[in-house]
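Structure below is target_34.cif: mmCIF, C-alpha atoms.
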```
data_input
#
loop_
_atom_site.label_atom_id
_atom_site.label_comp_id
_atom_site.auth_asym_id
_atom_site.auth_seq_id
_atom_site.Cartn_x
_atom_site.Cartn_y
_atom_site.Cartn_z
CA MET A 33 64.28 15.07 -26.68
CA THR A 34 63.77 11.50 -27.76
CA LEU A 35 60.60 10.62 -29.57
CA ASN A 36 59.10 7.28 -28.90
CA GLY A 37 58.11 5.83 -32.28
CA SER A 38 56.26 2.89 -30.75
CA LYS A 39 53.12 4.96 -30.18
CA TRP A 40 52.72 5.30 -33.96
CA GLY A 41 51.63 1.71 -34.29
CA ASN A 42 48.61 2.27 -32.11
CA VAL A 43 47.60 5.88 -32.41
CA THR A 44 44.69 6.68 -30.18
CA ALA A 45 42.32 9.56 -30.83
CA ILE A 46 43.40 12.93 -29.53
CA ALA A 47 40.99 15.71 -28.69
CA THR A 48 40.51 17.58 -31.94
CA ASP A 49 39.70 20.84 -30.19
CA LEU A 50 43.22 21.27 -28.84
CA THR A 51 44.96 24.40 -30.11
CA ASP A 52 48.04 24.13 -32.31
CA HIS A 53 50.21 25.23 -29.42
CA GLN A 54 48.76 22.59 -27.11
CA LEU A 55 49.46 19.95 -29.76
CA ILE A 56 53.03 21.20 -30.17
CA THR A 57 53.58 20.98 -26.42
CA GLU A 58 52.24 17.42 -26.39
CA PHE A 59 54.40 16.50 -29.37
CA LYS A 60 57.49 17.88 -27.62
CA GLU A 61 56.60 15.66 -24.67
CA GLY A 62 56.70 12.67 -27.00
CA SER A 63 53.10 12.30 -28.15
CA MET A 64 52.89 10.85 -31.63
CA GLU A 65 49.12 11.33 -31.51
CA ALA A 66 49.74 15.07 -31.32
CA MET A 67 51.99 14.83 -34.37
CA GLU A 68 49.30 12.96 -36.25
CA ALA A 69 46.71 15.54 -35.23
CA ILE A 70 48.89 18.35 -36.60
CA VAL A 71 49.36 16.46 -39.88
CA ASP A 72 45.60 15.75 -40.09
CA ARG A 73 44.89 19.42 -39.58
CA TYR A 74 47.18 20.82 -42.28
CA GLU A 75 48.06 18.12 -44.82
CA ASN A 76 45.30 18.98 -47.31
CA ARG A 77 46.22 22.65 -47.30
CA ILE A 78 49.93 22.02 -47.74
CA PHE A 79 49.21 19.44 -50.44
CA THR A 80 46.89 21.89 -52.27
CA PHE A 81 49.57 24.57 -52.09
CA GLY A 82 52.25 22.18 -53.44
CA LEU A 83 49.97 21.04 -56.25
CA LYS A 84 48.99 24.58 -57.25
CA MET A 85 52.62 25.67 -57.15
CA CYS A 86 54.19 22.75 -59.03
CA GLY A 87 51.29 21.32 -61.01
CA GLN A 88 52.46 17.71 -60.58
CA LEU A 89 51.21 15.18 -58.04
CA GLN A 90 54.71 13.83 -57.40
CA ASP A 91 56.07 17.31 -56.70
CA ALA A 92 53.12 18.08 -54.42
CA GLU A 93 53.83 14.90 -52.46
CA ASP A 94 57.53 15.83 -52.13
CA ILE A 95 56.63 19.33 -50.94
CA THR A 96 54.16 17.95 -48.37
CA GLN A 97 56.67 15.42 -47.02
CA ASP A 98 59.54 17.95 -46.90
CA THR A 99 57.33 20.50 -45.14
CA PHE A 100 56.20 18.23 -42.31
CA LEU A 101 59.58 16.55 -41.92
CA ASN A 102 61.36 19.88 -41.58
CA ALA A 103 58.63 21.30 -39.37
CA PHE A 104 58.83 18.42 -36.87
CA ARG A 105 62.61 18.23 -37.00
CA TYR A 106 62.99 21.89 -36.14
CA LEU A 107 59.99 22.27 -33.88
CA ASN A 108 62.28 23.20 -30.99
CA SER A 109 63.10 26.44 -32.80
CA PHE A 110 59.38 27.21 -33.13
CA ARG A 111 58.61 30.30 -31.09
CA GLU A 112 55.55 30.54 -28.87
CA GLU A 113 54.30 33.71 -30.58
CA THR A 114 54.50 32.16 -34.05
CA ASN A 115 51.40 30.91 -35.83
CA LEU A 116 51.88 27.23 -36.79
CA LYS A 117 49.96 27.55 -40.05
CA ASN A 118 52.13 30.51 -41.17
CA TRP A 119 55.29 28.67 -40.14
CA LEU A 120 54.28 25.56 -42.13
CA PHE A 121 53.56 27.65 -45.22
CA LYS A 122 56.91 29.40 -44.88
CA ILE A 123 58.60 25.99 -44.95
CA ALA A 124 56.38 24.87 -47.85
CA ALA A 125 57.13 28.02 -49.88
CA THR A 126 60.87 27.49 -49.33
CA ALA A 127 60.48 23.86 -50.48
CA CYS A 128 58.72 25.05 -53.66
CA ILE A 129 61.46 27.60 -54.39
CA ARG A 130 64.15 24.96 -53.78
CA LYS A 131 62.40 22.47 -56.06
CA ARG A 132 62.17 25.04 -58.82
CA ARG A 133 65.89 25.84 -58.51
CA LYS A 134 66.74 22.13 -58.71
CA LYS A 135 64.75 21.81 -61.92
CA LYS A 136 66.78 24.69 -63.39
CA CYS A 137 63.68 26.39 -64.75
CA GLU A 138 63.78 29.46 -66.95
CA PRO A 139 64.02 32.76 -65.02
CA ASP A 140 60.65 34.24 -64.05
CA ARG A 141 59.11 36.49 -66.67
CA GLU A 142 57.65 39.78 -65.48
CA LEU A 143 53.99 40.67 -65.89
CA SER A 144 53.67 44.36 -66.75
CA LEU A 145 50.52 46.32 -66.04
CA GLU A 146 50.61 47.75 -69.57
CA SER A 147 50.29 44.27 -71.06
CA PHE A 148 46.71 44.17 -69.76
CA ILE A 149 45.74 47.36 -71.58
CA ASN A 150 45.07 47.49 -75.33
CA LYS A 151 47.36 49.58 -77.54
CA ASP A 152 44.58 52.13 -78.06
CA GLY A 153 44.25 52.51 -74.28
CA THR A 154 41.03 50.52 -73.92
CA PHE A 155 40.40 47.36 -71.90
CA GLU A 156 39.54 43.96 -73.29
CA THR A 157 36.14 42.67 -72.17
CA HIS A 158 36.39 39.53 -70.06
CA ASP A 159 33.52 37.13 -69.70
CA ILE A 160 34.05 35.07 -66.54
CA PRO A 161 31.65 32.24 -65.71
CA ASP A 162 30.07 31.84 -62.29
CA TRP A 163 31.05 28.92 -60.09
CA SER A 164 28.17 26.48 -59.93
CA ASP A 165 27.16 25.54 -56.39
CA ASP A 166 24.81 22.91 -57.76
CA PRO A 167 26.31 19.47 -56.94
CA SER A 168 24.57 18.01 -60.00
CA ASP A 169 26.86 20.14 -62.21
CA LYS A 170 29.71 17.72 -61.54
CA VAL A 171 31.04 17.66 -65.10
CA LEU A 172 30.84 21.41 -65.46
CA ARG A 173 32.61 21.90 -62.15
CA ALA A 174 35.35 19.44 -63.07
CA GLU A 175 35.89 21.24 -66.38
CA MET A 176 36.02 24.60 -64.68
CA LYS A 177 38.42 23.31 -62.07
CA ALA A 178 40.74 22.05 -64.80
CA VAL A 179 40.64 25.41 -66.60
CA ILE A 180 41.40 27.29 -63.37
CA SER A 181 44.22 24.93 -62.36
CA ASP A 182 45.79 25.17 -65.83
CA SER A 183 45.51 28.94 -65.72
CA ILE A 184 47.17 29.18 -62.29
CA LYS A 185 49.90 26.82 -63.52
CA THR A 186 50.89 29.26 -66.29
CA LEU A 187 51.59 32.15 -63.89
CA PRO A 188 55.27 33.02 -63.42
CA HIS A 189 56.53 31.45 -60.18
CA LYS A 190 56.83 34.56 -58.00
CA TYR A 191 53.33 35.72 -58.96
CA LYS A 192 51.94 32.24 -58.38
CA LEU A 193 53.44 32.13 -54.87
CA VAL A 194 51.72 35.37 -53.89
CA PHE A 195 48.42 34.46 -55.56
CA ASN A 196 48.23 31.05 -53.87
CA LEU A 197 49.04 32.43 -50.44
CA ARG A 198 46.71 35.42 -50.67
CA ASP A 199 43.73 34.26 -52.70
CA ILE A 200 43.73 30.50 -52.25
CA GLU A 201 45.04 30.16 -48.70
CA GLY A 202 43.61 33.42 -47.45
CA PHE A 203 46.70 34.90 -45.80
CA SER A 204 46.70 38.66 -45.33
CA THR A 205 49.03 40.91 -47.31
CA LYS A 206 51.28 41.32 -44.25
CA GLU A 207 51.34 37.57 -43.54
CA THR A 208 52.18 36.81 -47.18
CA ALA A 209 55.00 39.35 -47.09
CA ASP A 210 56.37 37.73 -43.91
CA ILE A 211 56.08 34.19 -45.30
CA LEU A 212 57.94 35.11 -48.51
CA GLY A 213 60.31 37.65 -46.99
CA ILE A 214 59.28 40.38 -49.44
CA SER A 215 57.76 43.85 -48.98
CA ILE A 216 54.04 44.53 -48.61
CA GLU A 217 54.20 46.63 -51.79
CA SER A 218 55.66 43.69 -53.74
CA VAL A 219 52.85 41.45 -52.51
CA LYS A 220 50.23 43.97 -53.66
CA THR A 221 51.85 44.48 -57.06
CA ARG A 222 52.32 40.78 -57.76
CA LEU A 223 48.84 39.89 -56.57
CA HIS A 224 47.16 42.48 -58.77
CA ARG A 225 49.06 41.36 -61.87
CA ALA A 226 48.48 37.68 -61.12
CA ARG A 227 44.74 38.31 -60.84
CA LEU A 228 44.70 40.25 -64.11
CA ALA A 229 46.62 37.47 -65.87
CA LEU A 230 44.21 34.83 -64.54
CA ARG A 231 41.20 36.86 -65.57
CA GLU A 232 42.58 36.90 -69.11
CA LYS A 233 43.48 33.20 -69.16
CA ILE A 234 40.18 31.98 -67.70
CA SER A 235 38.15 34.24 -69.95
CA ASN A 236 40.05 33.06 -73.08
CA SER A 237 39.62 29.39 -72.14
CA TYR A 238 35.94 29.96 -71.45
CA ARG A 239 35.49 31.72 -74.82
CA GLU A 240 37.30 28.92 -76.66
CA GLY A 241 35.18 26.32 -74.85
CA LYS A 242 31.96 28.08 -75.79
CA SER A 243 32.90 28.39 -79.44
CA ALA A 244 34.09 24.76 -79.71
CA MET B 118 42.61 55.46 -71.59
CA LYS B 119 41.50 58.26 -69.34
CA GLU B 120 43.74 59.15 -66.42
CA ASN B 121 40.97 58.25 -63.97
CA CYS B 122 40.55 54.81 -65.55
CA LYS B 123 44.28 54.14 -65.25
CA LYS B 124 44.35 55.14 -61.59
CA ASN B 125 41.32 52.96 -60.93
CA PHE B 126 42.84 50.04 -62.82
CA GLU B 127 46.03 50.18 -60.73
CA LYS B 128 44.20 50.22 -57.41
CA ILE B 129 41.33 47.87 -58.07
CA SER B 130 42.83 44.88 -56.23
CA GLU B 131 43.60 46.96 -53.16
CA TYR B 132 40.02 48.23 -53.26
CA LEU B 133 38.67 44.67 -53.48
CA ASP B 134 40.84 43.66 -50.54
CA GLY B 135 39.67 46.57 -48.40
CA GLU B 136 43.18 47.97 -48.20
CA LEU B 137 42.46 51.53 -49.33
CA GLY B 138 41.63 54.54 -47.19
CA PRO B 139 38.13 56.10 -47.27
CA ASP B 140 39.10 58.85 -49.74
CA ASP B 141 40.50 56.41 -52.28
CA CYS B 142 37.47 54.15 -51.83
CA ARG B 143 35.07 57.00 -52.48
CA GLN B 144 36.96 58.03 -55.62
CA ILE B 145 36.94 54.48 -56.98
CA GLU B 146 33.26 53.93 -56.19
CA GLN B 147 32.35 57.16 -57.90
CA HIS B 148 34.43 56.26 -60.93
CA LEU B 149 32.90 52.78 -61.16
CA GLU B 150 29.44 54.30 -61.21
CA GLU B 151 30.39 56.61 -64.06
CA CYS B 152 32.54 54.28 -66.18
CA PRO B 153 30.94 51.06 -67.52
CA GLU B 154 34.26 49.87 -68.95
CA CYS B 155 35.95 49.99 -65.55
CA ARG B 156 32.85 48.48 -63.95
CA ASP B 157 33.17 45.47 -66.32
CA CYS B 158 36.85 45.21 -65.51
CA PHE B 159 36.08 45.30 -61.78
CA ASP B 160 33.30 42.69 -62.02
CA ALA B 161 35.43 40.31 -64.07
CA LEU B 162 38.31 40.57 -61.60
CA LYS B 163 35.98 39.96 -58.65
CA LYS B 164 34.48 36.91 -60.36
CA THR B 165 37.94 35.56 -61.20
CA ILE B 166 39.02 35.67 -57.56
CA ASP B 167 35.75 34.11 -56.43
CA LEU B 168 36.03 31.32 -58.99
CA CYS B 169 39.61 30.50 -58.05
CA ARG B 170 38.80 30.45 -54.33
CA LYS B 171 35.79 28.16 -54.73
CA SER B 172 37.50 25.69 -57.00
CA ALA B 173 40.82 25.51 -55.21
CA ARG B 174 40.63 22.95 -52.44
CA GLU B 175 42.26 19.59 -53.06
CA GLU B 176 42.43 16.53 -50.89
CA ILE B 177 45.62 14.54 -50.48
CA PRO B 178 45.13 11.08 -52.08
CA GLY B 179 44.92 8.14 -49.64
CA ASP B 180 48.16 6.48 -50.79
CA MET B 181 50.11 9.72 -50.38
CA ARG B 182 48.57 10.22 -46.96
CA GLU B 183 49.84 6.80 -45.91
CA ARG B 184 53.32 7.40 -47.38
CA LEU B 185 53.55 10.73 -45.53
CA ARG B 186 52.82 9.09 -42.18
CA SER B 187 55.19 6.24 -42.90
CA LYS B 188 57.98 8.68 -43.84
CA LEU B 189 57.45 10.75 -40.69
CA ARG B 190 57.48 7.60 -38.58
CA ASP B 191 60.70 6.35 -40.23
CA CYS B 192 62.51 9.67 -40.02
CA LEU B 193 61.34 10.94 -36.65
CA GLY B 194 60.56 7.87 -34.57
CA GLY B 195 63.24 7.45 -31.91
CA HIS B 196 65.27 10.43 -33.15
CA GLN B 197 66.12 13.63 -31.38
CA LEU B 198 64.57 16.93 -32.34
CA SER B 199 67.11 19.43 -33.60
CA SER B 200 67.67 22.33 -31.25
CA GLU B 201 69.00 24.57 -34.08
#
```
What is this file in structure tokens?
Amino acid sequence: MTLNGSKWGNVTAIATDLTDHQLITEFKEGSMEAMEAIVDRYENRIFTFGLKMCGQLQDAEDITQDTFLNAFRYLNSFREETNLKNWLFKIAATACIRKRRKKKCEPDRELSLESFINKDGTFETHDIPDWSDDPSDKVLRAEMKAVISDSIKTLPHKYKLVFNLRDIEGFSTKETADILGISIESVKTRLHRARLALREKISNSYREGKSA
Amino acid sequence: MKENCKKNFEKISEYLDGELGPDDCRQIEQHLEECPECRDCFDALKKTIDLCRKSAREEIPGDMRERLRSKLRDCLGGHQLSSE
């Protein structure tokens, strides 16, 4: 199918209540407005995912571009029963894994459950702040956001993938397993350990901030 | 660490996600009522997830948004979709 690029110059509004599948059908028929509507709908989520995964704006931009380019290029192989959001995240996750391989990063370290338990068998106490819903707490919120982003950044890659998909993007355990091509048990294990690691990191940063 | 605490500690995320059966849920709830240490652990984990969820959303910067559209236009305009 040939796409007519000329419509891009003068994109007219498209009904925003169209379903993803309706937009895909319109895109396949040559509508660039439908393509723009799909990008509008998902670009912030894919960008957030790329940024949380890689920690760098440039990498997040690359991931976002690669994801949409590959999605639109291969849209003919998109099956009717597939959920577009899940499909986009599958492409985005693959792009993140590929980017990490290219950078020749150190192999992922494992997070063991025992590492979150003291040697004498007790638990550490973790003081976690509440998120402020008060818009006047702008500075506090910005500081907290930075602490949380830095903490997520330090997670080993495979744990970070699961955490971002499950807790940030809200995919179910089964959906996350399908997106990453791993078992449901692996998703549960990695998610639990990622959460425990974040609890420790955030609580330590919060403690340091309070004592400073 | 007591055996009950360890079992609770391992399953706490599944409990939070509503992925455990009624028997397991009952056992965990009972244990949390009896064990303040595990209750603290549970509360801190719950707050961590909540904090991360609320702070997470980012917006793509305007210049990147423009570059994305420009790239899609350059690469896809007038080209054929792959049938692979």
Could you give me, as a tab-separated table, every chain A residue with an atom at most 7 Å from chain B, plus its closest atom pair and distance in Å to one decimal, counting only C-alpha atoms, rows ordered by chain then number?
```
residue	atom	partner	partner_atom	distance
A:Met33	CA	B:Gln197	CA	5.2
A:Thr34	CA	B:Gln197	CA	4.8
A:Leu35	CA	B:Gly195	CA	4.7
A:Asn36	CA	B:Gly195	CA	5.1
A:Gly37	CA	B:Gly194	CA	3.9
A:Asn76	CA	B:Glu176	CA	5.2
A:Phe79	CA	B:Ile177	CA	6.1
A:Thr80	CA	B:Glu175	CA	5.2
A:Glu93	CA	B:Met181	CA	6.7
A:Gln97	CA	B:Leu185	CA	5.8
A:Leu101	CA	B:Leu189	CA	6.3
A:Arg105	CA	B:Leu198	CA	5.2
A:Tyr106	CA	B:Ser199	CA	5.4
A:Asn108	CA	B:Ser200	CA	5.5
A:Ser109	CA	B:Glu201	CA	6.3
A:Gly153	CA	B:Met118	CA	4.3
A:Thr154	CA	B:Met118	CA	5.7
A:His158	CA	B:Ala161	CA	6.1
A:Asp159	CA	B:Ala161	CA	6.7
A:Ile160	CA	B:Ala161	CA	6.0
A:Asp162	CA	B:Leu168	CA	6.8
A:Trp163	CA	B:Leu168	CA	5.6
A:Lys177	CA	B:Ser172	CA	5.7
A:Ile180	CA	B:Cys169	CA	6.5
A:Asp199	CA	B:Arg170	CA	6.4
A:Ile200	CA	B:Arg170	CA	5.4
A:His224	CA	B:Ser130	CA	5.6
A:Arg227	CA	B:Leu162	CA	6.9
A:Leu228	CA	B:Leu162	CA	6.9
A:Arg231	CA	B:Thr165	CA	5.6
```
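Take the PyMOL selection byres ((chain A and resi 213) around 12) and apply it to this file: it picks Lys122, Ile123, Ala125, Thr126, Lys190, Leu193, Val194, Thr205, Lys206, Glu207, Thr208, Ala209, Asp210, Ile211, Leu212, Ile214, Ser215, Ile216, Glu217, Ser218 and Val219 of chain A.
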Straight-line distance linking atom CA of A:Gln90 with atom CA of A:Arg130, stated in Å to one decimal:
15.0 Å
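One finds atom CA of A:Phe148 at 13.3 Å from atom CA of B:Phe159.
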Find the smallest box with edges along x, y and z containing every listed atom of stretch 183-193 of chain A, then add 6 Å on each side and report centre and edge lengths in Å to one decimal, as JSON.
```
{"center_x": 51.2, "center_y": 31.3, "center_z": -60.6, "size_x": 23.3, "size_y": 20.9, "size_z": 23.4}
```
Got a minute to add N, CA and C atoms to stretch 91-121 of chain A and dump it as a PDB file, keeping the file's coordinate frame?
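The result, stored in out_25.pdb:
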```
ATOM      1  N   ASP A  91      55.449  16.135 -57.324  1.00  0.00           N
ATOM      2  CA  ASP A  91      56.070  17.310 -56.700  1.00  0.00           C
ATOM      3  C   ASP A  91      55.281  17.745 -55.463  1.00  0.00           C
ATOM      4  N   ALA A  92      53.961  17.684 -55.559  1.00  0.00           N
ATOM      5  CA  ALA A  92      53.120  18.080 -54.420  1.00  0.00           C
ATOM      6  C   ALA A  92      53.366  17.132 -53.240  1.00  0.00           C
ATOM      7  N   GLU A  93      53.547  15.863 -53.534  1.00  0.00           N
ATOM      8  CA  GLU A  93      53.830  14.900 -52.460  1.00  0.00           C
ATOM      9  C   GLU A  93      55.194  15.203 -51.822  1.00  0.00           C
ATOM     10  N   ASP A  94      56.196  15.489 -52.654  1.00  0.00           N
ATOM     11  CA  ASP A  94      57.530  15.830 -52.130  1.00  0.00           C
ATOM     12  C   ASP A  94      57.460  17.067 -51.228  1.00  0.00           C
ATOM     13  N   ILE A  95      56.738  18.070 -51.703  1.00  0.00           N
ATOM     14  CA  ILE A  95      56.630  19.330 -50.940  1.00  0.00           C
ATOM     15  C   ILE A  95      55.955  19.049 -49.585  1.00  0.00           C
ATOM     16  N   THR A  96      54.899  18.243 -49.613  1.00  0.00           N
ATOM     17  CA  THR A  96      54.160  17.950 -48.370  1.00  0.00           C
ATOM     18  C   THR A  96      55.071  17.193 -47.397  1.00  0.00           C
ATOM     19  N   GLN A  97      55.777  16.187 -47.896  1.00  0.00           N
ATOM     20  CA  GLN A  97      56.670  15.420 -47.020  1.00  0.00           C
ATOM     21  C   GLN A  97      57.784  16.302 -46.463  1.00  0.00           C
ATOM     22  N   ASP A  98      58.437  17.072 -47.340  1.00  0.00           N
ATOM     23  CA  ASP A  98      59.540  17.950 -46.900  1.00  0.00           C
ATOM     24  C   ASP A  98      59.053  18.935 -45.838  1.00  0.00           C
ATOM     25  N   THR A  99      57.858  19.480 -46.068  1.00  0.00           N
ATOM     26  CA  THR A  99      57.330  20.500 -45.140  1.00  0.00           C
ATOM     27  C   THR A  99      57.145  19.912 -43.749  1.00  0.00           C
ATOM     28  N   PHE A 100      56.459  18.785 -43.647  1.00  0.00           N
ATOM     29  CA  PHE A 100      56.200  18.230 -42.310  1.00  0.00           C
ATOM     30  C   PHE A 100      57.474  17.685 -41.669  1.00  0.00           C
ATOM     31  N   LEU A 101      58.327  17.068 -42.491  1.00  0.00           N
ATOM     32  CA  LEU A 101      59.580  16.550 -41.920  1.00  0.00           C
ATOM     33  C   LEU A 101      60.396  17.681 -41.314  1.00  0.00           C
ATOM     34  N   ASN A 102      60.565  18.752 -42.080  1.00  0.00           N
ATOM     35  CA  ASN A 102      61.360  19.880 -41.580  1.00  0.00           C
ATOM     36  C   ASN A 102      60.674  20.555 -40.398  1.00  0.00           C
ATOM     37  N   ALA A 103      59.357  20.652 -40.470  1.00  0.00           N
ATOM     38  CA  ALA A 103      58.630  21.300 -39.370  1.00  0.00           C
ATOM     39  C   ALA A 103      58.854  20.523 -38.067  1.00  0.00           C
ATOM     40  N   PHE A 104      58.692  19.208 -38.103  1.00  0.00           N
ATOM     41  CA  PHE A 104      58.830  18.420 -36.870  1.00  0.00           C
ATOM     42  C   PHE A 104      60.283  18.331 -36.413  1.00  0.00           C
ATOM     43  N   ARG A 105      61.196  18.300 -37.379  1.00  0.00           N
ATOM     44  CA  ARG A 105      62.610  18.230 -37.000  1.00  0.00           C
ATOM     45  C   ARG A 105      63.050  19.486 -36.257  1.00  0.00           C
ATOM     46  N   TYR A 106      62.521  20.615 -36.710  1.00  0.00           N
ATOM     47  CA  TYR A 106      62.990  21.890 -36.140  1.00  0.00           C
ATOM     48  C   TYR A 106      61.941  22.533 -35.227  1.00  0.00           C
ATOM     49  N   LEU A 107      61.061  21.723 -34.706  1.00  0.00           N
ATOM     50  CA  LEU A 107      59.990  22.270 -33.880  1.00  0.00           C
ATOM     51  C   LEU A 107      60.515  22.942 -32.601  1.00  0.00           C
ATOM     52  N   ASN A 108      61.708  22.556 -32.184  1.00  0.00           N
ATOM     53  CA  ASN A 108      62.280  23.200 -30.990  1.00  0.00           C
ATOM     54  C   ASN A 108      62.593  24.672 -31.230  1.00  0.00           C
ATOM     55  N   SER A 109      62.802  25.024 -32.514  1.00  0.00           N
ATOM     56  CA  SER A 109      63.100  26.440 -32.800  1.00  0.00           C
ATOM     57  C   SER A 109      61.812  27.231 -33.043  1.00  0.00           C
ATOM     58  N   PHE A 110      60.678  26.547 -32.929  1.00  0.00           N
ATOM     59  CA  PHE A 110      59.380  27.210 -33.130  1.00  0.00           C
ATOM     60  C   PHE A 110      59.078  28.092 -31.925  1.00  0.00           C
ATOM     61  N   ARG A 111      58.824  29.368 -32.202  1.00  0.00           N
ATOM     62  CA  ARG A 111      58.610  30.300 -31.090  1.00  0.00           C
ATOM     63  C   ARG A 111      57.141  30.358 -30.704  1.00  0.00           C
ATOM     64  N   GLU A 112      56.908  30.534 -29.447  1.00  0.00           N
ATOM     65  CA  GLU A 112      55.550  30.540 -28.870  1.00  0.00           C
ATOM     66  C   GLU A 112      54.615  31.519 -29.588  1.00  0.00           C
ATOM     67  N   GLU A 113      55.174  32.677 -29.980  1.00  0.00           N
ATOM     68  CA  GLU A 113      54.300  33.710 -30.580  1.00  0.00           C
ATOM     69  C   GLU A 113      54.021  33.452 -32.065  1.00  0.00           C
ATOM     70  N   THR A 114      54.683  32.441 -32.625  1.00  0.00           N
ATOM     71  CA  THR A 114      54.500  32.160 -34.050  1.00  0.00           C
ATOM     72  C   THR A 114      53.211  31.390 -34.284  1.00  0.00           C
ATOM     73  N   ASN A 115      52.599  31.645 -35.427  1.00  0.00           N
ATOM     74  CA  ASN A 115      51.400  30.910 -35.830  1.00  0.00           C
ATOM     75  C   ASN A 115      51.859  29.660 -36.594  1.00  0.00           C
ATOM     76  N   LEU A 116      51.407  28.479 -36.171  1.00  0.00           N
ATOM     77  CA  LEU A 116      51.880  27.230 -36.790  1.00  0.00           C
ATOM     78  C   LEU A 116      51.569  27.178 -38.282  1.00  0.00           C
ATOM     79  N   LYS A 117      50.355  27.588 -38.631  1.00  0.00           N
ATOM     80  CA  LYS A 117      49.960  27.550 -40.050  1.00  0.00           C
ATOM     81  C   LYS A 117      50.929  28.403 -40.894  1.00  0.00           C
ATOM     82  N   ASN A 118      51.223  29.616 -40.430  1.00  0.00           N
ATOM     83  CA  ASN A 118      52.130  30.510 -41.170  1.00  0.00           C
ATOM     84  C   ASN A 118      53.521  29.901 -41.275  1.00  0.00           C
ATOM     85  N   TRP A 119      53.958  29.283 -40.180  1.00  0.00           N
ATOM     86  CA  TRP A 119      55.290  28.670 -40.140  1.00  0.00           C
ATOM     87  C   TRP A 119      55.351  27.513 -41.139  1.00  0.00           C
ATOM     88  N   LEU A 120      54.305  26.683 -41.186  1.00  0.00           N
ATOM     89  CA  LEU A 120      54.280  25.560 -42.130  1.00  0.00           C
ATOM     90  C   LEU A 120      54.316  26.065 -43.573  1.00  0.00           C
ATOM     91  N   PHE A 121      53.576  27.128 -43.843  1.00  0.00           N
ATOM     92  CA  PHE A 121      53.560  27.650 -45.220  1.00  0.00           C
ATOM     93  C   PHE A 121      54.891  28.296 -45.598  1.00  0.00           C
TER      94      PHE A 121
END
```
